[in-house]
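Reading through the structure tokens given below for one structure.
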Number of protein chains: 2
Amino acid sequence: MSALQRQGQAAKSAAYILSTAGTAKKNAALEAIAKILTERRQEWLSANREDVAAAESAGMRPALLDRLTLTEERVAEIVEGVRQIIALPDPIGRVDRMETRPNGLIIGKRRVPLGVIAIIFEARPNVTVDAAALCLKSGNVCILRGGKEAIRSNRCAAALMREALASAGLPEDCISLVQDTDRETAHELMHLDGYVDVLIPRGGAGLIRTVAREASVPVIRTGEGICHIYVDNEADLDMAADILYNAKCSRPSVCNAVECVLVQKDVAEGLWQKALPLLDRHHVELRADGEAMKILGDRALPAAESDWDTEYDDYILAVRTVDDLEEAISFINAHNTGHSESIVTANYFKAQRFLDAVDAAAVYVNASTRFTDGGEFGLGAEIGISTQKMHARGPMGLEELTSCKYVVYGEGQVR
Amino acid sequence: MSALQRQGQAAKSAAYILSTAGTAKKNAALEAIAKILTERRQEWLSANREDVAAAESAGMRPALLDRLTLTEERVAEIVEGVRQIIALPDPIGRVDRMETRPNGLIIGKRRVPLGVIAIIFEARPNVTVDAAALCLKSGNVCILRGGKEAIRSNRCAAALMREALASAGLPEDCISLVQDTDRETAHELMHLDGYVDVLIPRGGAGLIRTVAREASVPVIRTGEGICHIYVDNEADLDMAADILYNAKCSRPSVCNAVECVLVQKDVAEGLWQKALPLLDRHHVELRADGEAMKILGDRALPAAESDWDTEYDDYILAVRTVDDLEEAISFINAHNTGHSESIVTANYFKAQRFLDAVDAAAVYVNASTRFTDGGEFGLGAEIGISTQKMHARGPMGLEELTSCKYVVYGEGQVR
């Protein structure tokens, strides 16, 4: 039995105990985690400084270095995140439906944890605590596998959290970190059938696609976002420009940022008059089809076929001209990743048609795609944004980390 | 592009149309299906006679031949099943939650179809219509791949249903049959990523495990049932014997039949005094551990290790002696398939503990495991019984064939 299999077995055993631990005990463990991460933050920060120093020597890009770095403020934010999760209602044990059948059987559908959730993520030390806390609150054991650049930070955070679990009377194996960060171990984790109930990859498109293709354990795909905005000929063009600017520029690196704007041909000139001054503030690069090039001229580059299927995560925007709503809908359904799509229009029937016909986790009328987020949607917190249809779709909060169990109370009934 | 890929593409196109077809149109198509299967049943029966004749020549076992055979009565039952599905409420379009966020965005969670559902099943012609009708009502396009022994019956039923769809104004590709029944085509269907949203295998354990292992499209595992009954020392032994007899003998070939009884050692003698006369009626073969052999003697065979992990689907029952409830729970969690488990006890605390700690789709107190079924649970119909935790667990009705989509109504909001 490999080290990872032993870790899986320990996780499974812990899952049986955690699944029946009540809310009070889980909250006490979360409070212990918040406390230990605060009191012993110097250990964590010191481990993180080693990670950052090593990454700097290895020539990591500044943006990634920034993501890797912990500070006193960031630790405080992470701890605050744990306390917010304590405050959320516990979905476990709720009975969604209960009825007495004609034969007298009382049948209820009870929320239960999924079991063991494995999470593969990149070099972001905040994800370690955030994901562990969401799993713990929802009664799930987690096996965390972070990026190798953050391994010292993650080892420290995991050790502290395990100490907190033990102090709160829960098995420390409720949270565990995969100690090896090589590819072979990640691959083994994707095939840990029998121990891992669900695997959630959190990170870039490359990571997510690899996991979805290779894993034999059940996977929830999250966070691939080729999002579109369709500017209809009946759009308020000031509103359209504002929404486009916000969806592209407020945080281009995230999955709910827009990557492609579809412009109804009759309003293209009007839209760009209003939108270009905004997009210019961030020197947004436009990659346009031939029709749009006629208007945008030197301001744009000609788009290649691959531009219609690219998640830039950057200040780049693909521009496509369409004749009408139906062409926009067809294009979106052919090229999107099932994340977030928006129409800007004043026409009621077109708005309803767009909501009905576009196939995505979140479909908007007259709003920025940037709102697709657990907090913004009122879920309190999220572990990721599912872009698949099975199990969960859109922002995944605590409820999306649960399954159900039918509980049946009888008095000797036979069939 | 292969024939199956073209079929997948046609299914995907039909899915966009079907997803926004209303309940009235879907019900009209179902009514047209019921009508055409009734009026032209002689074509279907005649195709089926050819299948049965070929299977007889090939030496098919009588039980399987019986499953394959259609009669006037069975056709009437199948048609009645379609009419029952018409009468069920349509889950599509229902908004589960809708709220206005502080920023004025109105966000609703709307039920939508999964999209394209592929179903691989064995030589049971009733499944063809049953599965197609459930998919249609829930707005899903289906791609059916039945066993080769039923190919003539299935081709006829599929052609009739497609004719009915067209007559009701829906694309005939809402229902399609995979024309080749070789293994290569089944394998290709398991890898039809981009076209198939969910694959549901319906059949024996071998089929289900192969599909779960090999498929790259999302799979819902259904119908593997190694079910247990634990007879506690505080059980009413008459009730225990009745439940055991019913769970084993009322229909041993189905997945919710019991395969293993766990007997608390102090009540073993008492239980067998009451249970053996019942089990003897069907000459149930007992395979017992050493402790139970002392009581059962010649009436049982010694169990092998493999007996604790076997779904017999036959008049065979494994018998295991346990010291107490906790040993029973551990054994069940180690050997079950996540289907249905039952405790017989008069003790309140043990009943609650069993419901909490046993990890299965349906957990019973003082009732037969045979009740795990969409009809018995009040879902109206079922496409299978999920034994996994993701997406759906237990009997899957129309609701379990849906996903969701967040619809967001804005007035120009940006973040």
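Just remember, in the structure tokens the first chain shown is A, the second B, etc., residues are 1-based per chain, and ligands are 1-based in the order shown.
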
task = Kindly provide, as a ChimeraX atom specification, the residues of chain A having any atom no farther than 8 Å from an atom of chain B, counting only C-alpha atoms.
result = /A:16,19-20,101,107,114,197-198,213,216,218,239-240,242-243,246-247,250,355-357,360-368,370-371,376-378,389-394,403-415

Restricted to C-alpha atoms, what would the selected residues look like written as a PDB file, in the first residue's frame?
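Written out: again36.pdb:
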```pdb
ATOM      1  CA  TYR A  16     -17.242   8.160   9.029  1.00  0.00           C
ATOM      2  CA  SER A  19     -20.109  12.693   9.009  1.00  0.00           C
ATOM      3  CA  THR A  20     -21.909  12.244  12.325  1.00  0.00           C
ATOM      4  CA  ARG A 101     -46.324   6.807   2.242  1.00  0.00           C
ATOM      5  CA  ILE A 107     -39.412   8.465   4.143  1.00  0.00           C
ATOM      6  CA  LEU A 114     -20.068  13.691   0.144  1.00  0.00           C
ATOM      7  CA  ASP A 197     -15.555  10.553  -3.406  1.00  0.00           C
ATOM      8  CA  VAL A 198     -15.019  13.750  -5.387  1.00  0.00           C
ATOM      9  CA  ARG A 213      -9.406  13.846 -18.778  1.00  0.00           C
ATOM     10  CA  SER A 216     -11.045   7.935 -12.696  1.00  0.00           C
ATOM     11  CA  PRO A 218     -15.555  11.626  -9.917  1.00  0.00           C
ATOM     12  CA  MET A 239     -24.834  50.787 -20.038  1.00  0.00           C
ATOM     13  CA  ALA A 240     -23.240  48.363 -22.504  1.00  0.00           C
ATOM     14  CA  ASP A 242     -19.926  50.315 -18.599  1.00  0.00           C
ATOM     15  CA  ILE A 243     -20.743  46.624 -18.335  1.00  0.00           C
ATOM     16  CA  ASN A 246     -16.299  46.319 -15.796  1.00  0.00           C
ATOM     17  CA  ALA A 247     -16.448  42.737 -17.035  1.00  0.00           C
ATOM     18  CA  SER A 250     -12.178  45.071 -12.980  1.00  0.00           C
ATOM     19  CA  LEU A 355     -32.043  33.600 -20.637  1.00  0.00           C
ATOM     20  CA  ASP A 356     -33.846  30.572 -22.052  1.00  0.00           C
ATOM     21  CA  ALA A 357     -31.564  29.601 -24.895  1.00  0.00           C
ATOM     22  CA  ALA A 360     -24.380  28.353 -19.139  1.00  0.00           C
ATOM     23  CA  ALA A 361     -24.189  28.264 -15.349  1.00  0.00           C
ATOM     24  CA  ALA A 362     -25.184  31.931 -15.082  1.00  0.00           C
ATOM     25  CA  VAL A 363     -27.033  33.954 -17.697  1.00  0.00           C
ATOM     26  CA  TYR A 364     -27.425  37.705 -17.217  1.00  0.00           C
ATOM     27  CA  VAL A 365     -29.539  40.508 -18.582  1.00  0.00           C
ATOM     28  CA  ASN A 366     -28.026  43.986 -18.320  1.00  0.00           C
ATOM     29  CA  ALA A 367     -25.334  43.162 -15.777  1.00  0.00           C
ATOM     30  CA  SER A 368     -21.646  42.364 -15.655  1.00  0.00           C
ATOM     31  CA  ARG A 370     -18.257  39.502 -12.831  1.00  0.00           C
ATOM     32  CA  PHE A 371     -21.081  38.804 -10.370  1.00  0.00           C
ATOM     33  CA  GLU A 376     -22.385  37.826  -4.681  1.00  0.00           C
ATOM     34  CA  PHE A 377     -24.995  35.091  -5.193  1.00  0.00           C
ATOM     35  CA  GLY A 378     -25.681  34.900  -1.473  1.00  0.00           C
ATOM     36  CA  LYS A 389     -24.125  20.244 -15.368  1.00  0.00           C
ATOM     37  CA  MET A 390     -23.916  17.201 -13.157  1.00  0.00           C
ATOM     38  CA  HIS A 391     -24.148  17.564  -9.377  1.00  0.00           C
ATOM     39  CA  ALA A 392     -23.693  21.328  -9.126  1.00  0.00           C
ATOM     40  CA  ARG A 393     -23.608  24.258 -11.537  1.00  0.00           C
ATOM     41  CA  GLY A 394     -22.366  27.764 -10.872  1.00  0.00           C
ATOM     42  CA  SER A 403     -25.166  14.460  -1.047  1.00  0.00           C
ATOM     43  CA  CYS A 404     -28.341  12.934   0.338  1.00  0.00           C
ATOM     44  CA  LYS A 405     -29.485   9.754   2.032  1.00  0.00           C
ATOM     45  CA  TYR A 406     -33.019   8.437   2.228  1.00  0.00           C
ATOM     46  CA  VAL A 407     -33.911   7.540   5.815  1.00  0.00           C
ATOM     47  CA  VAL A 408     -36.882   5.213   6.120  1.00  0.00           C
ATOM     48  CA  TYR A 409     -38.802   4.544   9.337  1.00  0.00           C
ATOM     49  CA  GLY A 410     -40.864   1.357   9.248  1.00  0.00           C
ATOM     50  CA  GLU A 411     -42.973  -0.841  11.475  1.00  0.00           C
ATOM     51  CA  GLY A 412     -42.263  -4.152   9.790  1.00  0.00           C
ATOM     52  CA  GLN A 413     -43.384  -3.265   6.257  1.00  0.00           C
ATOM     53  CA  VAL A 414     -42.695  -5.764   3.490  1.00  0.00           C
ATOM     54  CA  ARG A 415     -43.396  -5.419  -0.205  1.00  0.00           C
TER      55      ARG A 415
END
```

Just asking: which residues within region 201-376 of chain B are helix (DSSP H, G or I) according to DSSP, as a short mmCIF file (atom, residue, chain, number, x, y, z; two decimals) with N, CA and C atoms, in the first residue's frame?
```cif
data_model
loop_
_atom_site.label_atom_id
_atom_site.label_comp_id
_atom_site.auth_asym_id
_atom_site.auth_seq_id
_atom_site.Cartn_x
_atom_site.Cartn_y
_atom_site.Cartn_z
N ALA B 205 -23.97 -5.81 -12.88
CA ALA B 205 -22.80 -5.20 -12.25
C ALA B 205 -21.63 -5.11 -13.22
N GLY B 206 -21.48 -6.11 -14.08
CA GLY B 206 -20.36 -6.11 -15.03
C GLY B 206 -20.42 -4.92 -15.95
N LEU B 207 -21.60 -4.70 -16.54
CA LEU B 207 -21.80 -3.57 -17.44
C LEU B 207 -21.50 -2.25 -16.72
N ILE B 208 -22.05 -2.10 -15.52
CA ILE B 208 -21.92 -0.84 -14.80
C ILE B 208 -20.46 -0.54 -14.47
N ARG B 209 -19.75 -1.57 -14.00
CA ARG B 209 -18.35 -1.34 -13.63
C ARG B 209 -17.50 -1.02 -14.84
N THR B 210 -17.76 -1.71 -15.95
CA THR B 210 -17.00 -1.42 -17.17
C THR B 210 -17.21 0.03 -17.59
N VAL B 211 -18.47 0.46 -17.61
CA VAL B 211 -18.76 1.83 -18.03
C VAL B 211 -18.11 2.84 -17.09
N ALA B 212 -18.24 2.61 -15.77
CA ALA B 212 -17.68 3.56 -14.81
C ALA B 212 -16.17 3.66 -14.96
N ARG B 213 -15.54 2.54 -15.26
CA ARG B 213 -14.08 2.53 -15.37
C ARG B 213 -13.62 3.17 -16.67
N GLU B 214 -14.32 2.88 -17.76
CA GLU B 214 -13.81 3.27 -19.07
C GLU B 214 -14.26 4.64 -19.57
N LEU B 237 -38.37 -10.89 16.45
CA LEU B 237 -37.83 -11.92 15.54
C LEU B 237 -38.85 -12.37 14.49
N ASP B 238 -40.12 -12.28 14.80
CA ASP B 238 -41.13 -12.56 13.76
C ASP B 238 -41.03 -11.52 12.65
N MET B 239 -40.92 -10.25 13.07
CA MET B 239 -40.77 -9.17 12.08
C MET B 239 -39.48 -9.35 11.29
N ALA B 240 -38.41 -9.69 11.97
CA ALA B 240 -37.12 -9.88 11.30
C ALA B 240 -37.21 -10.98 10.25
N ALA B 241 -37.86 -12.09 10.62
CA ALA B 241 -37.98 -13.21 9.68
C ALA B 241 -38.82 -12.82 8.46
N ASP B 242 -39.91 -12.09 8.70
CA ASP B 242 -40.75 -11.64 7.59
C ASP B 242 -39.99 -10.71 6.65
N ILE B 243 -39.27 -9.77 7.24
CA ILE B 243 -38.53 -8.79 6.43
C ILE B 243 -37.44 -9.50 5.63
N LEU B 244 -36.73 -10.42 6.31
CA LEU B 244 -35.67 -11.15 5.63
C LEU B 244 -36.23 -11.97 4.46
N TYR B 245 -37.32 -12.63 4.71
CA TYR B 245 -37.96 -13.46 3.68
C TYR B 245 -38.40 -12.58 2.50
N ASN B 246 -39.03 -11.48 2.81
CA ASN B 246 -39.48 -10.59 1.74
C ASN B 246 -38.31 -10.02 0.95
N ALA B 247 -37.29 -9.58 1.66
CA ALA B 247 -36.17 -8.91 1.00
C ALA B 247 -35.37 -9.89 0.14
N LYS B 248 -35.38 -11.17 0.54
CA LYS B 248 -34.64 -12.16 -0.26
C LYS B 248 -35.49 -12.76 -1.36
N CYS B 249 -36.74 -13.09 -1.05
CA CYS B 249 -37.50 -13.98 -1.94
C CYS B 249 -38.55 -13.30 -2.81
N LYS B 265 -25.32 -12.32 17.71
CA LYS B 265 -25.11 -13.73 18.06
C LYS B 265 -26.14 -14.29 19.05
N ASP B 266 -26.64 -13.46 19.97
CA ASP B 266 -27.54 -13.97 21.00
C ASP B 266 -28.92 -14.34 20.47
N VAL B 267 -29.29 -13.80 19.31
CA VAL B 267 -30.63 -14.09 18.79
C VAL B 267 -30.59 -15.00 17.57
N ALA B 268 -29.41 -15.53 17.24
CA ALA B 268 -29.26 -16.31 16.01
C ALA B 268 -30.19 -17.53 16.03
N GLU B 269 -30.18 -18.26 17.11
CA GLU B 269 -31.02 -19.47 17.15
C GLU B 269 -32.49 -19.14 16.99
N GLY B 270 -32.92 -18.13 17.73
CA GLY B 270 -34.32 -17.72 17.66
C GLY B 270 -34.71 -17.25 16.27
N LEU B 271 -33.83 -16.51 15.64
CA LEU B 271 -34.14 -16.00 14.31
C LEU B 271 -34.29 -17.15 13.31
N TRP B 272 -33.36 -18.07 13.34
CA TRP B 272 -33.39 -19.13 12.32
C TRP B 272 -34.58 -20.05 12.50
N GLN B 273 -35.01 -20.22 13.75
CA GLN B 273 -36.24 -21.02 13.98
C GLN B 273 -37.41 -20.43 13.21
N LYS B 274 -37.47 -19.10 13.18
CA LYS B 274 -38.58 -18.46 12.50
C LYS B 274 -38.32 -18.25 11.00
N ALA B 275 -37.06 -18.00 10.66
CA ALA B 275 -36.76 -17.63 9.27
C ALA B 275 -36.62 -18.84 8.36
N LEU B 276 -36.07 -19.94 8.87
CA LEU B 276 -35.80 -21.08 7.99
C LEU B 276 -37.06 -21.63 7.31
N PRO B 277 -38.16 -21.80 8.05
CA PRO B 277 -39.36 -22.32 7.37
C PRO B 277 -39.79 -21.43 6.20
N LEU B 278 -39.58 -20.12 6.31
CA LEU B 278 -39.93 -19.21 5.21
C LEU B 278 -38.95 -19.36 4.05
N LEU B 279 -37.65 -19.32 4.37
CA LEU B 279 -36.64 -19.39 3.32
C LEU B 279 -36.66 -20.76 2.62
N ASP B 280 -37.09 -21.79 3.36
CA ASP B 280 -37.17 -23.14 2.78
C ASP B 280 -38.16 -23.20 1.61
N GLY B 290 -18.40 -19.31 10.36
CA GLY B 290 -18.22 -20.45 11.27
C GLY B 290 -19.22 -20.46 12.41
N GLU B 291 -19.42 -19.28 13.00
CA GLU B 291 -20.32 -19.14 14.14
C GLU B 291 -21.75 -19.55 13.75
N ALA B 292 -22.19 -19.08 12.60
CA ALA B 292 -23.55 -19.39 12.16
C ALA B 292 -23.68 -20.86 11.75
N MET B 293 -22.60 -21.43 11.24
CA MET B 293 -22.61 -22.84 10.84
C MET B 293 -22.96 -23.74 12.03
N LYS B 294 -22.52 -23.31 13.24
CA LYS B 294 -22.80 -24.13 14.43
C LYS B 294 -24.30 -24.29 14.63
N ILE B 295 -25.05 -23.27 14.28
CA ILE B 295 -26.50 -23.34 14.43
C ILE B 295 -27.15 -23.95 13.19
N LEU B 296 -26.68 -23.54 12.03
CA LEU B 296 -27.36 -23.93 10.78
C LEU B 296 -26.96 -25.33 10.33
N GLY B 297 -25.77 -25.77 10.71
CA GLY B 297 -25.33 -27.13 10.37
C GLY B 297 -25.46 -27.43 8.90
N ASP B 298 -26.11 -28.53 8.59
CA ASP B 298 -26.22 -28.98 7.20
C ASP B 298 -27.04 -28.04 6.32
N ARG B 299 -27.85 -27.19 6.97
CA ARG B 299 -28.72 -26.30 6.19
C ARG B 299 -27.93 -25.25 5.42
N GLU B 305 -14.54 -15.99 1.49
CA GLU B 305 -14.33 -14.54 1.62
C GLU B 305 -15.12 -13.77 0.56
N SER B 306 -15.15 -14.32 -0.65
CA SER B 306 -15.81 -13.61 -1.76
C SER B 306 -17.33 -13.46 -1.54
N ASP B 307 -17.91 -14.29 -0.67
CA ASP B 307 -19.35 -14.19 -0.43
C ASP B 307 -19.74 -12.86 0.20
N TRP B 308 -18.82 -12.22 0.91
CA TRP B 308 -19.16 -10.95 1.55
C TRP B 308 -19.19 -9.79 0.55
N ASP B 309 -18.77 -10.06 -0.67
CA ASP B 309 -18.76 -9.00 -1.69
C ASP B 309 -19.45 -9.42 -2.98
N LEU B 325 -24.13 -3.90 17.31
CA LEU B 325 -24.48 -2.93 16.27
C LEU B 325 -23.26 -2.33 15.60
N GLU B 326 -22.27 -1.93 16.38
CA GLU B 326 -21.11 -1.25 15.79
C GLU B 326 -20.36 -2.16 14.83
N GLU B 327 -20.29 -3.46 15.19
CA GLU B 327 -19.63 -4.39 14.28
C GLU B 327 -20.44 -4.51 12.98
N ALA B 328 -21.75 -4.51 13.11
CA ALA B 328 -22.61 -4.57 11.91
C ALA B 328 -22.40 -3.35 11.03
N ILE B 329 -22.36 -2.16 11.64
CA ILE B 329 -22.18 -0.92 10.86
C ILE B 329 -20.84 -0.93 10.13
N SER B 330 -19.78 -1.32 10.84
CA SER B 330 -18.45 -1.35 10.21
C SER B 330 -18.42 -2.32 9.05
N PHE B 331 -19.04 -3.50 9.27
CA PHE B 331 -19.05 -4.50 8.21
C PHE B 331 -19.82 -3.98 6.99
N ILE B 332 -20.96 -3.39 7.22
CA ILE B 332 -21.77 -2.88 6.10
C ILE B 332 -21.01 -1.79 5.36
N ASN B 333 -20.43 -0.85 6.09
CA ASN B 333 -19.71 0.23 5.41
C ASN B 333 -18.49 -0.28 4.64
N ALA B 334 -17.96 -1.42 5.04
CA ALA B 334 -16.81 -1.97 4.33
C ALA B 334 -17.22 -2.79 3.10
N HIS B 335 -18.44 -3.37 3.12
CA HIS B 335 -18.80 -4.31 2.05
C HIS B 335 -19.99 -3.90 1.20
N TYR B 348 -34.71 2.32 20.19
CA TYR B 348 -34.72 3.64 19.56
C TYR B 348 -33.33 4.14 19.24
N PHE B 349 -32.42 4.06 20.22
CA PHE B 349 -31.09 4.63 20.02
C PHE B 349 -30.30 3.88 18.96
N LYS B 350 -30.46 2.55 18.94
CA LYS B 350 -29.77 1.77 17.91
C LYS B 350 -30.31 2.11 16.52
N ALA B 351 -31.62 2.30 16.45
CA ALA B 351 -32.22 2.65 15.16
C ALA B 351 -31.63 3.97 14.65
N GLN B 352 -31.57 4.97 15.53
CA GLN B 352 -31.05 6.28 15.12
C GLN B 352 -29.57 6.18 14.75
N ARG B 353 -28.82 5.41 15.52
CA ARG B 353 -27.40 5.25 15.25
C ARG B 353 -27.18 4.61 13.87
N PHE B 354 -28.00 3.59 13.57
CA PHE B 354 -27.87 2.91 12.27
C PHE B 354 -28.18 3.89 11.13
N LEU B 355 -29.25 4.67 11.26
CA LEU B 355 -29.61 5.65 10.22
C LEU B 355 -28.48 6.66 10.01
N ASP B 356 -27.84 7.08 11.10
CA ASP B 356 -26.78 8.08 11.00
C ASP B 356 -25.50 7.50 10.39
N ALA B 357 -25.12 6.32 10.83
CA ALA B 357 -23.75 5.86 10.57
C ALA B 357 -23.61 5.02 9.31
N THR B 369 -35.69 -3.98 2.46
CA THR B 369 -34.90 -3.18 1.52
C THR B 369 -35.57 -3.07 0.15
N ARG B 370 -36.57 -3.92 -0.09
CA ARG B 370 -37.21 -3.97 -1.41
C ARG B 370 -37.97 -2.68 -1.77
N PHE B 371 -38.14 -1.79 -0.78
CA PHE B 371 -38.90 -0.57 -1.08
C PHE B 371 -38.09 0.50 -1.82
#
```

task = Apply DSSP to the structure's backbone, then extract all residues of region 13-248 of chain A labelled strand (DSSP E) and return them as a ChimeraX atom specification.
result = /A:95-100,106-113,116-121,141-145,175-177,198-202,227-231

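The list of residues with at least one atom within 10 Å of Leu192 (chain A), based on only C-alpha atoms and without residues fewer than 3 positions apart in the same chain, reads Leu4, Gln5, Gly8, Gln9, Ala118, His187, Glu188, Leu189, Tyr195, Val196, Asp197, Leu199, Ala215, Ser216 and Val217 of chain A.
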
ask   = Excluding same-chain residues fewer than 2 positions from region 149-158 of chain A, what lies within 10 Å of it counting only C-alpha atoms, as a PyMOL selection string?
value = chain A and resi 33+36-37+40-41+43-52+54-55+58+60+65+68-70+122-129+132+144-147+160-164+172+175-181

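If you look at CA of Ala10 (chain B) and CA of Val141 (chain B), they are 9.9 Å away from each other.
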
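Counting from CA of Leu88 (chain B), the distance to CA of Lys137 (chain B) is 8.7 Å.
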
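One finds CA of Glu382 (chain A) at 21.1 Å from CA of Gly104 (chain B).
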